[in-house]
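Asker: This is model19.txt, which holds compact mmCIF, C-alpha atoms and all ligand atoms:
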# COMPACT_ATOMS: atom_id res chain seq x y z
CA MET A 151 -27.60 -5.17 68.71
CA ARG A 152 -24.62 -7.55 68.62
CA SER A 153 -25.32 -8.51 65.00
CA LYS A 154 -25.76 -4.79 64.06
CA LYS A 155 -22.22 -4.19 65.47
CA LYS A 156 -20.89 -7.18 63.53
CA TRP A 157 -22.35 -5.84 60.21
CA GLY A 158 -20.92 -2.39 60.96
CA LEU A 159 -17.48 -3.94 61.35
CA VAL A 160 -17.82 -5.88 58.08
CA ILE A 161 -18.85 -2.70 56.20
CA THR A 162 -15.99 -0.71 57.68
CA LEU A 163 -13.48 -3.43 56.75
CA ALA A 164 -14.84 -3.60 53.18
CA MET A 165 -14.50 0.20 52.82
CA VAL A 166 -10.93 0.11 54.11
CA MET A 167 -10.10 -2.61 51.55
CA LEU A 168 -11.73 -0.64 48.74
CA VAL A 169 -9.83 2.54 49.57
CA SER A 170 -6.58 0.65 49.91
CA THR A 171 -7.11 -1.11 46.51
CA ALA A 172 -7.84 2.25 44.88
CA CYS A 173 -4.71 3.75 46.43
CA ASN A 174 -2.63 0.79 45.29
CA SER A 175 -3.87 0.94 41.72
CA LYS A 176 -3.27 4.69 41.65
CA GLY A 177 0.23 4.02 42.91
CA ALA A 178 0.78 1.42 40.17
CA SER A 179 -0.30 3.76 37.37
CA ASN A 180 1.98 6.47 38.73
CA THR A 181 4.85 4.06 38.64
CA ASP A 182 3.97 3.11 35.03
CA SER A 183 3.67 6.66 33.81
CA ALA A 184 7.11 7.30 35.20
CA ASN A 185 8.29 4.52 32.89
CA PRO A 186 8.19 5.66 29.26
CA ALA A 187 8.13 2.05 28.11
CA ALA A 188 4.70 1.47 29.65
CA GLY A 189 2.13 2.45 27.01
CA GLU A 190 -1.46 3.72 27.15
CA GLY A 191 -4.23 1.70 25.55
CA SER A 192 -3.04 -0.22 22.51
CA THR A 193 0.06 1.89 21.78
CA PRO A 194 3.03 -0.49 21.65
CA ALA A 195 5.29 -0.39 24.69
CA SER A 196 8.22 1.55 23.30
CA ALA A 197 6.29 3.45 20.59
CA LYS A 198 6.33 6.76 22.47
CA THR A 199 10.09 6.87 22.38
CA ILE A 200 10.60 5.87 18.72
CA THR A 201 11.45 8.59 16.24
CA LEU A 202 11.74 7.32 12.67
CA GLY A 203 13.61 9.45 10.16
CA PHE A 204 12.50 8.51 6.64
CA SER A 205 14.06 9.86 3.47
CA GLN A 206 11.85 9.27 0.44
CA VAL A 207 13.08 9.34 -3.18
CA GLY A 208 10.50 11.88 -4.33
CA ALA A 209 7.00 11.94 -5.80
CA GLU A 210 7.88 10.85 -9.32
CA SER A 211 5.21 8.20 -9.86
CA GLY A 212 1.88 6.76 -8.77
CA TRP A 213 3.88 3.96 -7.15
CA ARG A 214 5.84 6.46 -5.07
CA SER A 215 2.71 8.25 -3.85
CA ALA A 216 1.22 4.92 -2.73
CA ASN A 217 4.50 4.03 -1.01
CA THR A 218 4.63 7.37 0.84
CA LYS A 219 1.03 6.97 2.01
CA SER A 220 1.70 3.44 3.22
CA ILE A 221 4.71 4.59 5.25
CA GLN A 222 2.95 7.63 6.74
CA ASP A 223 -0.20 5.66 7.63
CA SER A 224 1.73 2.76 9.15
CA ALA A 225 3.99 5.03 11.23
CA LYS A 226 0.90 6.78 12.58
CA GLU A 227 -0.75 3.50 13.41
CA ALA A 228 2.39 2.28 15.19
CA GLY A 229 2.49 5.53 17.18
CA TYR A 230 5.97 6.48 15.95
CA ASP A 231 7.11 10.05 15.54
CA LEU A 232 7.83 10.14 11.78
CA LYS A 233 10.26 12.69 10.38
CA PHE A 234 9.58 12.53 6.65
CA SER A 235 11.80 14.10 4.03
CA ASP A 236 11.26 14.22 0.23
CA ALA A 237 14.54 14.21 -1.74
CA GLN A 238 13.01 15.24 -5.06
CA GLN A 239 14.97 12.46 -6.80
CA LYS A 240 18.33 13.96 -5.78
CA GLN A 241 20.96 11.96 -3.91
CA GLU A 242 22.49 15.08 -2.35
CA ASN A 243 19.13 15.89 -0.75
CA GLN A 244 18.94 12.38 0.68
CA ILE A 245 22.45 12.60 2.13
CA LYS A 246 21.53 15.95 3.72
CA ALA A 247 18.36 14.42 5.19
CA LEU A 248 20.27 11.45 6.62
CA ARG A 249 22.82 13.78 8.24
CA SER A 250 20.03 15.86 9.72
CA PHE A 251 18.42 12.70 11.16
CA ILE A 252 21.77 11.77 12.71
CA GLN A 253 22.07 15.25 14.24
CA GLN A 254 18.54 15.01 15.63
CA LYS A 255 19.46 11.63 17.15
CA VAL A 256 16.42 9.81 15.74
CA THR A 257 15.89 6.25 16.97
CA VAL A 258 16.00 4.62 13.52
CA ILE A 259 16.70 5.88 10.00
CA ALA A 260 14.97 4.32 6.99
CA PHE A 261 15.36 5.36 3.39
CA SER A 262 14.75 4.39 -0.19
CA PRO A 263 18.01 5.26 -1.97
CA VAL A 264 17.49 7.12 -5.24
CA VAL A 265 20.61 5.49 -6.75
CA GLU A 266 22.65 2.45 -5.70
CA SER A 267 26.13 3.95 -5.25
CA GLY A 268 27.74 6.54 -3.01
CA TRP A 269 26.26 5.79 0.41
CA ASP A 270 29.16 4.33 2.39
CA THR A 271 30.32 7.55 4.07
CA VAL A 272 26.94 8.67 5.37
CA LEU A 273 25.99 5.12 6.38
CA LYS A 274 29.23 4.90 8.40
CA GLU A 275 28.32 8.19 10.08
CA ALA A 276 24.97 6.71 11.14
CA LYS A 277 26.66 3.55 12.38
CA ASP A 278 29.21 5.55 14.40
CA ALA A 279 26.33 7.53 15.94
CA GLY A 280 24.71 4.22 16.95
CA ILE A 281 21.63 4.80 14.77
CA PRO A 282 20.36 1.69 12.98
CA VAL A 283 19.49 2.05 9.29
CA ILE A 284 16.85 0.13 7.32
CA LEU A 285 16.66 0.18 3.52
CA THR A 286 13.25 0.04 1.89
CA ASP A 287 12.29 -0.40 -1.76
CA ARG A 288 15.77 0.13 -3.26
CA ALA A 289 19.16 -1.33 -2.43
CA VAL A 290 22.62 0.21 -2.08
CA ASP A 291 25.74 -1.40 -3.53
CA SER A 292 27.87 -1.05 -0.35
CA PRO A 293 29.92 -4.21 0.15
CA ASP A 294 29.76 -3.67 3.93
CA LYS A 295 26.40 -5.21 4.88
CA SER A 296 26.86 -4.17 8.52
CA LEU A 297 25.98 -0.60 7.49
CA TYR A 298 22.27 -1.42 7.50
CA LYS A 299 20.05 -3.85 9.38
CA THR A 300 17.87 -5.11 6.56
CA PHE A 301 16.61 -4.36 3.09
CA ILE A 302 12.82 -4.64 2.60
CA GLY A 303 11.54 -4.58 -0.97
CA SER A 304 10.98 -6.24 -4.32
CA ASP A 305 13.31 -8.45 -6.28
CA PHE A 306 13.77 -6.13 -9.26
CA VAL A 307 15.86 -8.63 -11.26
CA GLU A 308 13.00 -11.11 -10.96
CA GLU A 309 10.56 -8.42 -12.13
CA GLY A 310 12.71 -7.92 -15.24
CA ARG A 311 12.79 -11.69 -15.82
CA LYS A 312 8.98 -11.87 -15.64
CA ALA A 313 8.70 -9.08 -18.22
CA GLY A 314 11.24 -10.83 -20.45
CA GLN A 315 9.54 -14.21 -20.09
CA TRP A 316 6.18 -12.86 -21.23
CA LEU A 317 7.83 -11.35 -24.30
CA ALA A 318 9.86 -14.48 -25.06
CA ASP A 319 6.66 -16.57 -24.87
CA GLN A 320 4.74 -14.20 -27.17
CA TYR A 321 7.40 -14.33 -29.85
CA LYS A 322 8.83 -17.82 -29.40
CA ASP A 323 8.07 -18.86 -32.99
CA THR A 324 8.87 -15.58 -34.69
CA GLN A 325 10.87 -15.73 -37.88
CA GLU A 326 11.15 -11.96 -38.10
CA ASP A 327 13.14 -9.56 -35.96
CA VAL A 328 11.16 -8.04 -33.08
CA ASN A 329 12.23 -4.44 -32.48
CA ILE A 330 12.07 -3.48 -28.82
CA VAL A 331 12.51 -0.03 -27.27
CA GLU A 332 13.20 0.31 -23.57
CA LEU A 333 12.24 3.17 -21.26
CA GLN A 334 14.60 2.84 -18.33
CA GLY A 335 14.02 4.12 -14.83
CA THR A 336 16.29 6.66 -13.12
CA THR A 337 19.88 6.15 -14.24
CA GLY A 338 21.90 4.33 -11.60
CA SER A 339 18.87 3.30 -9.55
CA ALA A 340 18.48 -0.30 -8.43
CA PRO A 341 15.17 -0.86 -10.25
CA ALA A 342 16.57 0.51 -13.54
CA ASN A 343 19.73 -1.61 -13.29
CA ASP A 344 17.98 -4.76 -12.15
CA ARG A 345 14.91 -4.64 -14.38
CA GLN A 346 17.17 -4.30 -17.39
CA GLU A 347 19.42 -7.13 -16.19
CA GLY A 348 16.54 -9.57 -15.60
CA PHE A 349 14.87 -8.71 -18.91
CA MET A 350 18.07 -9.14 -20.94
CA GLU A 351 18.87 -12.40 -19.16
CA ILE A 352 15.66 -13.92 -20.56
CA ILE A 353 15.34 -12.37 -24.02
CA GLY A 354 19.08 -12.70 -24.70
CA SER A 355 18.64 -16.33 -25.71
CA ASN A 356 16.44 -15.41 -28.70
CA ALA A 357 18.46 -13.56 -31.34
CA LYS A 358 15.25 -12.29 -32.99
CA LEU A 359 14.39 -10.18 -29.93
CA LYS A 360 16.38 -7.00 -30.46
CA VAL A 361 16.55 -3.95 -28.17
CA ILE A 362 17.03 -1.21 -30.78
CA ALA A 363 16.92 1.78 -28.36
CA SER A 364 17.15 2.25 -24.63
CA GLN A 365 16.95 5.51 -22.74
CA THR A 366 16.00 6.79 -19.31
CA GLY A 367 12.56 8.32 -18.71
CA ASP A 368 13.42 8.88 -15.03
CA PHE A 369 10.27 6.98 -13.94
CA THR A 370 8.04 9.96 -14.83
CA ARG A 371 5.09 10.28 -17.20
CA ALA A 372 6.40 13.48 -18.81
CA LYS A 373 9.82 12.00 -19.63
CA GLY A 374 8.25 8.74 -20.77
CA LYS A 375 6.23 10.69 -23.32
CA GLU A 376 9.18 12.81 -24.42
CA VAL A 377 11.53 9.86 -24.94
CA MET A 378 8.87 7.78 -26.72
CA GLN A 379 8.28 10.69 -29.12
CA ALA A 380 12.00 10.63 -29.91
CA PHE A 381 11.98 6.83 -30.34
CA LEU A 382 9.05 7.08 -32.77
CA LYS A 383 10.84 9.74 -34.79
CA ALA A 384 14.09 7.79 -34.95
CA HIS A 385 12.73 4.31 -35.67
CA LYS A 386 10.28 3.31 -38.40
CA LYS A 387 9.41 -0.09 -37.00
CA ILE A 388 8.86 -0.47 -33.24
CA ASP A 389 7.12 -3.70 -32.21
CA VAL A 390 7.45 -3.61 -28.44
CA LEU A 391 7.92 -1.08 -25.65
CA TYR A 392 9.36 -2.28 -22.35
CA ALA A 393 8.82 0.48 -19.74
CA HIS A 394 10.40 0.12 -16.30
CA ASN A 395 7.24 1.58 -14.71
CA ASP A 396 3.59 2.36 -15.42
CA ASP A 397 4.01 6.13 -15.40
CA MET A 398 6.54 6.06 -18.23
CA ALA A 399 4.33 3.60 -20.14
CA LEU A 400 1.35 5.95 -19.69
CA GLY A 401 3.37 8.89 -21.02
CA ALA A 402 4.55 6.75 -23.94
CA ILE A 403 0.94 5.76 -24.72
CA GLN A 404 0.13 9.45 -25.22
CA ALA A 405 3.04 9.75 -27.67
CA ILE A 406 2.02 6.57 -29.53
CA GLU A 407 -1.58 7.75 -29.88
CA ALA A 408 -0.44 11.20 -31.01
CA ALA A 409 1.59 9.45 -33.72
CA GLY A 410 -1.63 7.80 -34.96
CA LEU A 411 -0.74 4.33 -33.68
CA LYS A 412 -2.66 1.97 -31.40
CA PRO A 413 -0.88 1.19 -28.12
CA GLY A 414 -1.17 -2.48 -27.21
CA VAL A 415 -1.88 -3.40 -30.85
CA ASP A 416 0.57 -1.67 -33.19
CA ILE A 417 3.12 -1.54 -30.40
CA LYS A 418 2.92 -4.13 -27.62
CA ILE A 419 3.60 -2.65 -24.19
CA ILE A 420 5.09 -4.30 -21.11
CA SER A 421 5.32 -2.32 -17.89
CA VAL A 422 6.12 -2.67 -14.19
CA ASP A 423 4.23 -1.56 -11.03
CA ALA A 424 0.50 -2.31 -11.53
CA VAL A 425 -0.76 0.95 -10.01
CA LYS A 426 -4.41 1.80 -10.73
CA ASP A 427 -3.76 3.97 -13.82
CA GLY A 428 -1.51 1.30 -15.30
CA MET A 429 -4.06 -1.41 -14.54
CA GLN A 430 -6.77 0.69 -16.21
CA ALA A 431 -4.60 1.01 -19.34
CA ALA A 432 -4.07 -2.75 -19.25
CA ALA A 433 -7.81 -3.37 -18.84
CA ASP A 434 -8.36 -1.07 -21.85
CA GLY A 435 -5.90 -3.18 -23.86
CA LYS A 436 -3.29 -0.40 -24.13
CA ILE A 437 -0.74 -2.18 -21.94
CA ASN A 438 -0.41 -5.90 -22.68
CA PHE A 439 1.40 -7.13 -19.59
CA ILE A 440 2.22 -5.63 -16.19
CA VAL A 441 4.65 -6.98 -13.65
CA GLU A 442 3.53 -6.04 -10.15
CA CYS A 443 5.82 -4.09 -7.82
CA ASN A 444 4.16 -3.69 -4.43
CA PRO A 445 4.53 -0.22 -2.84
CA LEU A 446 2.73 -1.05 0.40
CA LEU A 447 5.90 -1.49 2.43
CA GLY A 448 4.81 0.54 5.48
CA PRO A 449 3.57 -2.29 7.74
CA GLN A 450 6.71 -4.40 7.14
CA LEU A 451 8.91 -1.39 7.75
CA MET A 452 7.26 -0.58 11.09
CA GLU A 453 7.60 -4.22 12.18
CA ALA A 454 11.28 -4.12 11.31
CA VAL A 455 11.76 -0.84 13.20
CA GLN A 456 10.16 -2.34 16.30
CA ALA A 457 12.29 -5.49 16.03
CA VAL A 458 15.48 -3.44 15.70
CA VAL A 459 14.53 -1.27 18.70
CA ASP A 460 13.71 -4.38 20.73
CA GLY A 461 17.08 -5.87 19.80
CA LYS A 462 15.46 -8.84 18.05
CA GLU A 463 17.02 -10.87 15.23
CA ILE A 464 15.95 -9.60 11.82
CA GLU A 465 16.31 -11.12 8.35
CA ALA A 466 18.98 -9.36 6.28
CA ARG A 467 16.66 -9.38 3.23
CA ILE A 468 12.85 -9.21 3.27
CA VAL A 469 11.42 -9.79 -0.23
CA THR A 470 7.96 -8.57 -1.20
CA ASP A 471 5.44 -11.00 -2.73
CA GLU A 472 4.35 -9.99 -6.24
CA THR A 473 2.40 -11.21 -9.25
CA THR A 474 1.79 -10.29 -12.91
CA PHE A 475 -1.27 -9.18 -14.92
CA THR A 476 -2.40 -9.70 -18.50
CA SER A 477 -5.15 -7.40 -19.80
CA ASP A 478 -7.88 -9.82 -18.72
CA GLN A 479 -6.37 -10.28 -15.27
CA ALA A 480 -6.07 -6.51 -14.88
CA LYS A 481 -9.75 -6.11 -15.73
CA GLU A 482 -10.65 -8.59 -13.03
CA ALA A 483 -8.34 -7.15 -10.37
CA LEU A 484 -9.07 -3.46 -11.00
CA PRO A 485 -12.26 -3.04 -8.91
CA THR A 486 -10.49 -4.12 -5.71
CA ARG A 487 -7.08 -2.61 -6.44
CA GLU A 488 -5.77 -0.75 -3.38
CA TYR A 489 -3.31 1.58 -5.12
O1 LIG B 1 11.74 1.78 -6.76
C1 LIG B 1 10.48 1.47 -7.24
C2 LIG B 1 10.21 2.21 -8.49
O2 LIG B 1 10.30 3.59 -8.25
C3 LIG B 1 8.84 2.03 -9.09
O3 LIG B 1 8.75 1.00 -9.99
C4 LIG B 1 8.67 3.32 -9.79
O4 LIG B 1 7.39 3.57 -10.25
C5 LIG B 1 9.16 4.24 -8.76
O5 LIG B 1 9.28 5.53 -9.10
As structure tokens - that is how I would like this structure written.
Ligand code: AHR

Answerer:
Amino acid sequence: MRSKKKWGLVITLAMVMLVSTACNSKGASNTDSANPAAGEGSTPASAKTITLGFSQVGAESGWRSANTKSIQDSAKEAGYDLKFSDAQQKQENQIKALRSFIQQKVTVIAFSPVVESGWDTVLKEAKDAGIPVILTDRAVDSPDKSLYKTFIGSDFVEEGRKAGQWLADQYKDTQEDVNIVELQGTTGSAPANDRQEGFMEIIGSNAKLKVIASQTGDFTRAKGKEVMQAFLKAHKKIDVLYAHNDDMALGAIQAIEAAGLKPGVDIKIISVDAVKDGMQAAADGKINFIVECNPLLGPQLMEAVQAVVDGKEIEARIVTDETTFTSDQAKEALPTREY
């Protein structure tokens, strides 16, 4: 009887402890849910409170579509509330979007500036509102570096140098003039300015390498085709096309074929980006050399956003790793190409 009583007491005590533990843990989760910084499951601590305003250049190229997808997917994965705006390649639309983000008091603004100049006023407005800004893909030419936290993206000058180096190597022993036409990206944009600068820096030391025509194709396939048609009409002998992106090169290929010429053979083609369609053209021998420009900037951007929100130190410049492809290398890389 005495031992029955003892066991009864033990069971009662155990039940009291169980109930009290349950109450305590319930109390703890209540406290946490009152704190917006405490996340559920694997959502990062402050993710629920982060609103990211992103102003995209447009949808002008295969590269841009891959970049947009990367940013949207990564924001979703990070659990951020993404406010995405497409500027349709117009600076005024981007400025409007940035002002709207400021009005909405987003946590962080990120954008890929369509052109390099003319951002100081709106960037100051963001700074005055206490909203940090991150640049992705393209740079601005503001001398005041305190207007943005970091710039994540490619080294476009280096991309131009790589393109120029391949050409210089191909024609290092040439005794004849090599006539080059250039399809530039959007006028005033960082990639157009820098890819031209890097290219000229390298080929400039060989007087036989001559750029006989240079015009913008605005990074689109349609304009690339149109401008190449005009180049072909105006110039009898074109040896090389340097296109600032794959889409313009692909448009130009259509024009070259329509003129009865063989792209990659009659006219050597160098391009930038290495998106799937460009890589396919390279594998088919229509583009001879592609300089990679990586559009998958989403994960790095989300990391930077989190660091800025957490008040952590962040590098002022984050450069993307990139490579180059000959036709054979494109053939090999194509089956596993992500974009
Ligand atoms: O800013 C990156 C450039 O913009 C890409 O090379 C081009 O394809 C895009 O439109």

Asker: Could you please determine the separation between atom CA of Ile259 of chain A and atom CA of Thr366 of chain A in Å, to one decimal place?

Answerer: 29.3 Å

Asker: Set the distance at 8 Å and use only C-alpha atoms: which residues neighbour Phe234 of chain A once local chain neighbours fewer than 4 positions away are removed? I'd like the list as a VMD selection string.

Answerer: chain A and resid 203 to 206

Asker: Around ligand LIG 1 (chain B), which protein and nucleic acid residues have at least one atom no more than 6 Å from it, if we count all atoms listed in the file? List them as a ChimeraX atom specification.

Answerer: /A:210-211,213-214,287-288,341,369,395,423

Asker: Counting only C-alpha atoms, which residue out of A:Pro263, A:Gly280, A:Pro413, A:Gly461 sits closest to Ala340 of chain A?

Answerer: A:Pro263

Asker: Could you check the closest approach to Lys240 of chain A for each of A:Val258, A:Val207, A:Ala409, A:Ile284 and tell me which residue wins, using all atoms listed in the file?

Answerer: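 Closest candidate: A:Val207.
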
Asker: Can you tell me, as JSON, numbers by chain, what residues are no more than 7 Å from Arg345 of chain A when counting only C-alpha atoms, ignoring any on the same chain fewer than 2 positions away?

Answerer: {"A": [306, 307, 309, 310, 341, 342, 343, 347, 348, 349, 394]}

Asker: Please identify all polymer residues within 7 Å of Asp231 of chain A, counting all atoms listed in the file, omitting same-chain residues fewer than 5 positions from it, and present them as JSON, numbers by chain.

Answerer: {"A": [200, 201, 202]}

Asker: When you draw a straight line from atom CA of Thr470 of chain A to atom CA of Thr271 of chain A, how long is it in Å?

Answerer: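 Taking atom CA of Thr470 of chain A and atom CA of Thr271 of chain A, their separation equals 28.1 Å.
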
Asker: For a quick check of understanding, using all atoms listed in the file, which of A:Gly410, A:Gly335, A:Gly428, A:Gly354 has the smallest distance to Gly374 of chain A?

Answerer: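 So, comparing all the options, the nearest one is A:Gly335.
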
Asker: Given the choices A:Asn217, A:Asn356, A:Thr300, A:Gln244, which gets closest to Glu463 of chain A if the distance is worked out from all atoms listed in the file?

Answerer: A:Thr300

Asker: Here is a test: counting all atoms listed in the file, which residue of A:Val415, A:Val290, A:Leu400, A:Met429 is nearest to Asp270 of chain A?

Answerer: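 Using all atoms listed in the file, Asp270 of chain A sits closest to A:Val290.
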